[in-house]
>>> print(open('my_file_27.cif').read())   # mmCIF, C-alpha atoms
data_structure
loop_
_atom_site.label_atom_id
_atom_site.label_comp_id
_atom_site.auth_asym_id
_atom_site.auth_seq_id
_atom_site.Cartn_x
_atom_site.Cartn_y
_atom_site.Cartn_z
CA MET A 1 0.93 -11.32 5.19
CA SER A 2 3.62 -8.65 5.29
CA ARG A 3 2.50 -5.08 5.83
CA GLU A 4 4.35 -1.81 5.75
CA ILE A 5 4.13 0.23 8.91
CA VAL A 6 4.94 3.92 8.52
CA VAL A 7 5.86 6.01 11.56
CA PHE A 8 6.28 9.78 11.48
CA LEU A 9 8.69 11.41 13.96
CA THR A 10 8.61 15.19 14.43
CA THR A 11 9.63 15.70 18.05
CA THR A 12 13.07 16.44 19.44
CA PRO A 13 15.13 13.52 20.75
CA TYR A 14 15.55 15.05 24.22
CA SER A 15 12.12 16.46 25.09
CA PHE A 16 10.07 13.31 24.61
CA GLU A 17 10.51 9.53 24.65
CA ASN A 18 9.04 9.29 21.16
CA THR A 19 12.34 8.35 19.51
CA HIS A 20 12.88 5.44 21.90
CA THR A 21 9.26 4.33 21.49
CA ILE A 22 9.43 4.42 17.69
CA PHE A 23 12.66 2.41 17.67
CA LYS A 24 11.04 -0.21 19.94
CA LEU A 25 7.94 -0.36 17.71
CA ALA A 26 10.09 -0.69 14.60
CA ASP A 27 12.08 -3.48 16.24
CA ALA A 28 8.93 -5.38 17.17
CA ALA A 29 7.40 -4.96 13.71
CA LEU A 30 10.60 -6.09 11.97
CA ASN A 31 10.71 -9.14 14.27
CA LYS A 32 7.18 -10.00 13.08
CA GLY A 33 8.26 -9.74 9.44
CA HIS A 34 6.64 -6.42 8.59
CA LYS A 35 8.21 -3.69 6.47
CA VAL A 36 8.82 -0.50 8.43
CA ARG A 37 9.42 3.04 7.19
CA LEU A 38 10.47 5.93 9.45
CA ILE A 39 9.75 9.42 8.21
CA THR A 40 11.43 12.25 10.12
CA SER A 41 10.56 15.91 9.77
CA GLY A 42 11.18 19.11 11.68
CA ASP A 43 12.89 18.45 15.01
CA GLY A 44 12.52 14.71 14.48
CA VAL A 45 15.45 14.87 12.05
CA PHE A 46 17.77 15.41 15.01
CA SER A 47 16.91 11.90 16.25
CA VAL A 48 18.75 10.36 13.29
CA VAL A 49 21.70 12.77 13.07
CA LYS A 50 25.08 11.46 14.18
CA GLY A 51 26.09 12.85 17.55
CA GLN A 52 22.62 13.71 18.81
CA LEU A 53 21.74 10.43 20.49
CA PRO A 54 24.88 8.28 20.55
CA GLN A 55 23.17 5.24 22.08
CA SER A 56 20.23 5.50 19.70
CA LEU A 57 22.40 5.75 16.61
CA SER A 58 23.62 2.19 17.11
CA ILE A 59 20.01 1.04 17.57
CA LEU A 60 19.01 2.88 14.40
CA SER A 61 21.93 1.36 12.47
CA ASN A 62 20.84 -2.11 13.57
CA LEU A 63 17.25 -1.45 12.50
CA VAL A 64 18.38 -0.19 9.10
CA GLU A 65 20.49 -3.32 8.61
CA ARG A 66 17.36 -5.37 9.35
CA GLY A 67 15.22 -3.50 6.82
CA LEU A 68 14.05 -0.19 8.30
CA LYS A 69 13.69 2.47 5.61
CA VAL A 70 14.40 6.04 6.72
CA ASP A 71 13.14 9.14 4.91
CA ILE A 72 14.34 12.56 6.03
#
>>> encode(input="my_file_27.cif", output="structure tokens")
Amino acid sequence: MSREIVVFLTTTPYSFENTHTIFKLADAALNKGHKVRLITSGDGVFSVVKGQLPQSLSILSNLVERGLKVDI
């Protein structure tokens, strides 16, 4: 059974490891066939802005290609 997992990111990309953790969780859930939605708000928006986390942007792009939905 496919489920949708929704994660909410509000912390800055540099102060916490939350962005990395959410990307790893999304990757694992997508590998299991689940739908995943990332909602960013407040400082969490900076985690998905080009130029903020160059290495993470390629990870995010890959996740989006695999089905991750992103709401800002």
>>> closest_atom_pairs(input="my_file_27.cif", of="stretch 21-53 of chain A", to="stretch 63-66 of chain A", cutoff="9 Å", atoms="all atoms listed in the file", output="JSON lines")
{"residue": "A:Phe23", "atom": "CA", "partner": "A:Leu63", "partner_atom": "CA", "distance": 7.9}
{"residue": "A:Ala26", "atom": "CA", "partner": "A:Leu63", "partner_atom": "CA", "distance": 7.5}
{"residue": "A:Asp27", "atom": "CA", "partner": "A:Leu63", "partner_atom": "CA", "distance": 6.7}
{"residue": "A:Leu30", "atom": "CA", "partner": "A:Arg66", "partner_atom": "CA", "distance": 7.3}
>>> closest_residue(input="my_file_27.cif", among="A:Asn62, A:Thr12, A:Thr21, A:Ser56", to="A:Thr40", atoms="all atoms listed in the file")
A:Thr12
>>> resolve_selection(input="my_file_27.cif", expression="the PyMOL selection byres ((chain A and resi 11) around 9)", output="PyMOL selection string")
chain A and resi 9-10+12-16+18-19+40-47
>>> atom_distance(input="my_file_27.cif", atom1="atom CA of A:Ser61", atom2="atom CA of A:Val7")
16.8 Å
>>> atom_distance(input="my_file_27.cif", atom1="atom CA of A:Glu17", atom2="atom CA of A:Val70")
18.7 Å
>>> resolve_selection(input="my_file_27.cif", expression="the PyMOL selection byres ((chain A and resi 34) around 10)", output="PyMOL selection string")
chain A and resi 1-5+26-33+35-37+67-68
>>> axis_aligned_box(input="my_file_27.cif", around="stretch 56-70 of chain A", padding_each_side="8 Å", output="lines of an AutoDock Vina configuration file")
center_x = 18.7
center_y = 0.3
center_z = 12.7
size_x = 25.9
size_y = 27.4
size_z = 30.1
>>> decode(input="my_file_27.cif", residues="chain A", atoms="C-alpha atoms", output="PDB file, in the first residue's frame")
ATOM      1  CA  MET A   1       0.000   0.000   0.000  1.00  0.00           C
ATOM      2  CA  SER A   2       1.397   3.386  -0.987  1.00  0.00           C
ATOM      3  CA  ARG A   3       1.195   6.144   1.588  1.00  0.00           C
ATOM      4  CA  GLU A   4       1.991   9.821   1.418  1.00  0.00           C
ATOM      5  CA  ILE A   5       4.544  11.017   3.914  1.00  0.00           C
ATOM      6  CA  VAL A   6       4.531  14.753   4.591  1.00  0.00           C
ATOM      7  CA  VAL A   7       7.562  16.433   6.160  1.00  0.00           C
ATOM      8  CA  PHE A   8       7.614  20.046   7.316  1.00  0.00           C
ATOM      9  CA  LEU A   9      10.932  21.940   7.263  1.00  0.00           C
ATOM     10  CA  THR A  10      11.199  25.276   9.074  1.00  0.00           C
ATOM     11  CA  THR A  11      14.827  25.433  10.207  1.00  0.00           C
ATOM     12  CA  THR A  12      17.759  27.088   8.471  1.00  0.00           C
ATOM     13  CA  PRO A  13      20.002  24.913   6.311  1.00  0.00           C
ATOM     14  CA  TYR A  14      23.166  25.818   8.255  1.00  0.00           C
ATOM     15  CA  SER A  15      22.127  25.716  11.916  1.00  0.00           C
ATOM     16  CA  PHE A  16      20.744  22.188  12.016  1.00  0.00           C
ATOM     17  CA  GLU A  17      21.103  18.876  10.169  1.00  0.00           C
ATOM     18  CA  ASN A  18      17.351  18.785   9.563  1.00  0.00           C
ATOM     19  CA  THR A  19      17.647  19.418   5.819  1.00  0.00           C
ATOM     20  CA  HIS A  20      20.045  16.504   5.358  1.00  0.00           C
ATOM     21  CA  THR A  21      17.877  14.265   7.551  1.00  0.00           C
ATOM     22  CA  ILE A  22      14.694  15.119   5.641  1.00  0.00           C
ATOM     23  CA  PHE A  23      16.376  14.435   2.300  1.00  0.00           C
ATOM     24  CA  LYS A  24      17.561  11.032   3.587  1.00  0.00           C
ATOM     25  CA  LEU A  25      14.071  10.205   4.892  1.00  0.00           C
ATOM     26  CA  ALA A  26      12.502  11.250   1.590  1.00  0.00           C
ATOM     27  CA  ASP A  27      15.002   9.108  -0.305  1.00  0.00           C
ATOM     28  CA  ALA A  28      14.236   6.065   1.835  1.00  0.00           C
ATOM     29  CA  ALA A  29      10.470   6.552   1.552  1.00  0.00           C
ATOM     30  CA  LEU A  30      10.635   6.980  -2.231  1.00  0.00           C
ATOM     31  CA  ASN A  31      12.741   3.808  -2.451  1.00  0.00           C
ATOM     32  CA  LYS A  32       9.938   1.978  -0.605  1.00  0.00           C
ATOM     33  CA  GLY A  33       7.358   3.277  -3.083  1.00  0.00           C
ATOM     34  CA  HIS A  34       5.720   5.896  -0.878  1.00  0.00           C
ATOM     35  CA  LYS A  35       4.629   9.351  -2.010  1.00  0.00           C
ATOM     36  CA  VAL A  36       6.546  12.123  -0.266  1.00  0.00           C
ATOM     37  CA  ARG A  37       5.694  15.805   0.102  1.00  0.00           C
ATOM     38  CA  LEU A  38       8.107  18.402   1.516  1.00  0.00           C
ATOM     39  CA  ILE A  39       6.584  21.573   2.895  1.00  0.00           C
ATOM     40  CA  THR A  40       9.010  24.407   3.630  1.00  0.00           C
ATOM     41  CA  SER A  41       8.176  27.500   5.626  1.00  0.00           C
ATOM     42  CA  GLY A  42      10.050  30.304   7.337  1.00  0.00           C
ATOM     43  CA  ASP A  43      13.801  29.687   7.317  1.00  0.00           C
ATOM     44  CA  GLY A  44      13.260  26.230   5.845  1.00  0.00           C
ATOM     45  CA  VAL A  45      12.654  27.881   2.464  1.00  0.00           C
ATOM     46  CA  PHE A  46      16.376  28.654   2.277  1.00  0.00           C
ATOM     47  CA  SER A  47      17.087  24.910   2.121  1.00  0.00           C
ATOM     48  CA  VAL A  48      15.521  24.704  -1.344  1.00  0.00           C
ATOM     49  CA  VAL A  49      16.775  28.017  -2.786  1.00  0.00           C
ATOM     50  CA  LYS A  50      19.481  27.813  -5.424  1.00  0.00           C
ATOM     51  CA  GLY A  51      22.862  28.829  -4.051  1.00  0.00           C
ATOM     52  CA  GLN A  52      22.158  28.135  -0.391  1.00  0.00           C
ATOM     53  CA  LEU A  53      23.235  24.506  -0.229  1.00  0.00           C
ATOM     54  CA  PRO A  54      24.935  23.646  -3.521  1.00  0.00           C
ATOM     55  CA  GLN A  55      25.464  19.970  -2.681  1.00  0.00           C
ATOM     56  CA  SER A  56      21.907  19.603  -1.412  1.00  0.00           C
ATOM     57  CA  LEU A  57      20.346  21.184  -4.471  1.00  0.00           C
ATOM     58  CA  SER A  58      21.490  18.265  -6.631  1.00  0.00           C
ATOM     59  CA  ILE A  59      20.079  15.839  -4.050  1.00  0.00           C
ATOM     60  CA  LEU A  60      16.794  17.757  -4.033  1.00  0.00           C
ATOM     61  CA  SER A  61      16.658  17.767  -7.844  1.00  0.00           C
ATOM     62  CA  ASN A  62      17.137  14.002  -7.875  1.00  0.00           C
ATOM     63  CA  LEU A  63      14.370  13.516  -5.299  1.00  0.00           C
ATOM     64  CA  VAL A  64      11.990  15.705  -7.301  1.00  0.00           C
ATOM     65  CA  GLU A  65      12.728  13.685 -10.443  1.00  0.00           C
ATOM     66  CA  ARG A  66      11.812  10.556  -8.475  1.00  0.00           C
ATOM     67  CA  GLY A  67       8.501  11.971  -7.250  1.00  0.00           C
ATOM     68  CA  LEU A  68       9.093  14.299  -4.301  1.00  0.00           C
ATOM     69  CA  LYS A  69       6.530  17.105  -4.226  1.00  0.00           C
ATOM     70  CA  VAL A  70       7.763  20.420  -2.810  1.00  0.00           C
ATOM     71  CA  ASP A  71       5.484  23.141  -1.435  1.00  0.00           C
ATOM     72  CA  ILE A  72       6.979  26.488  -0.465  1.00  0.00           C
TER      73      ILE A  72
END
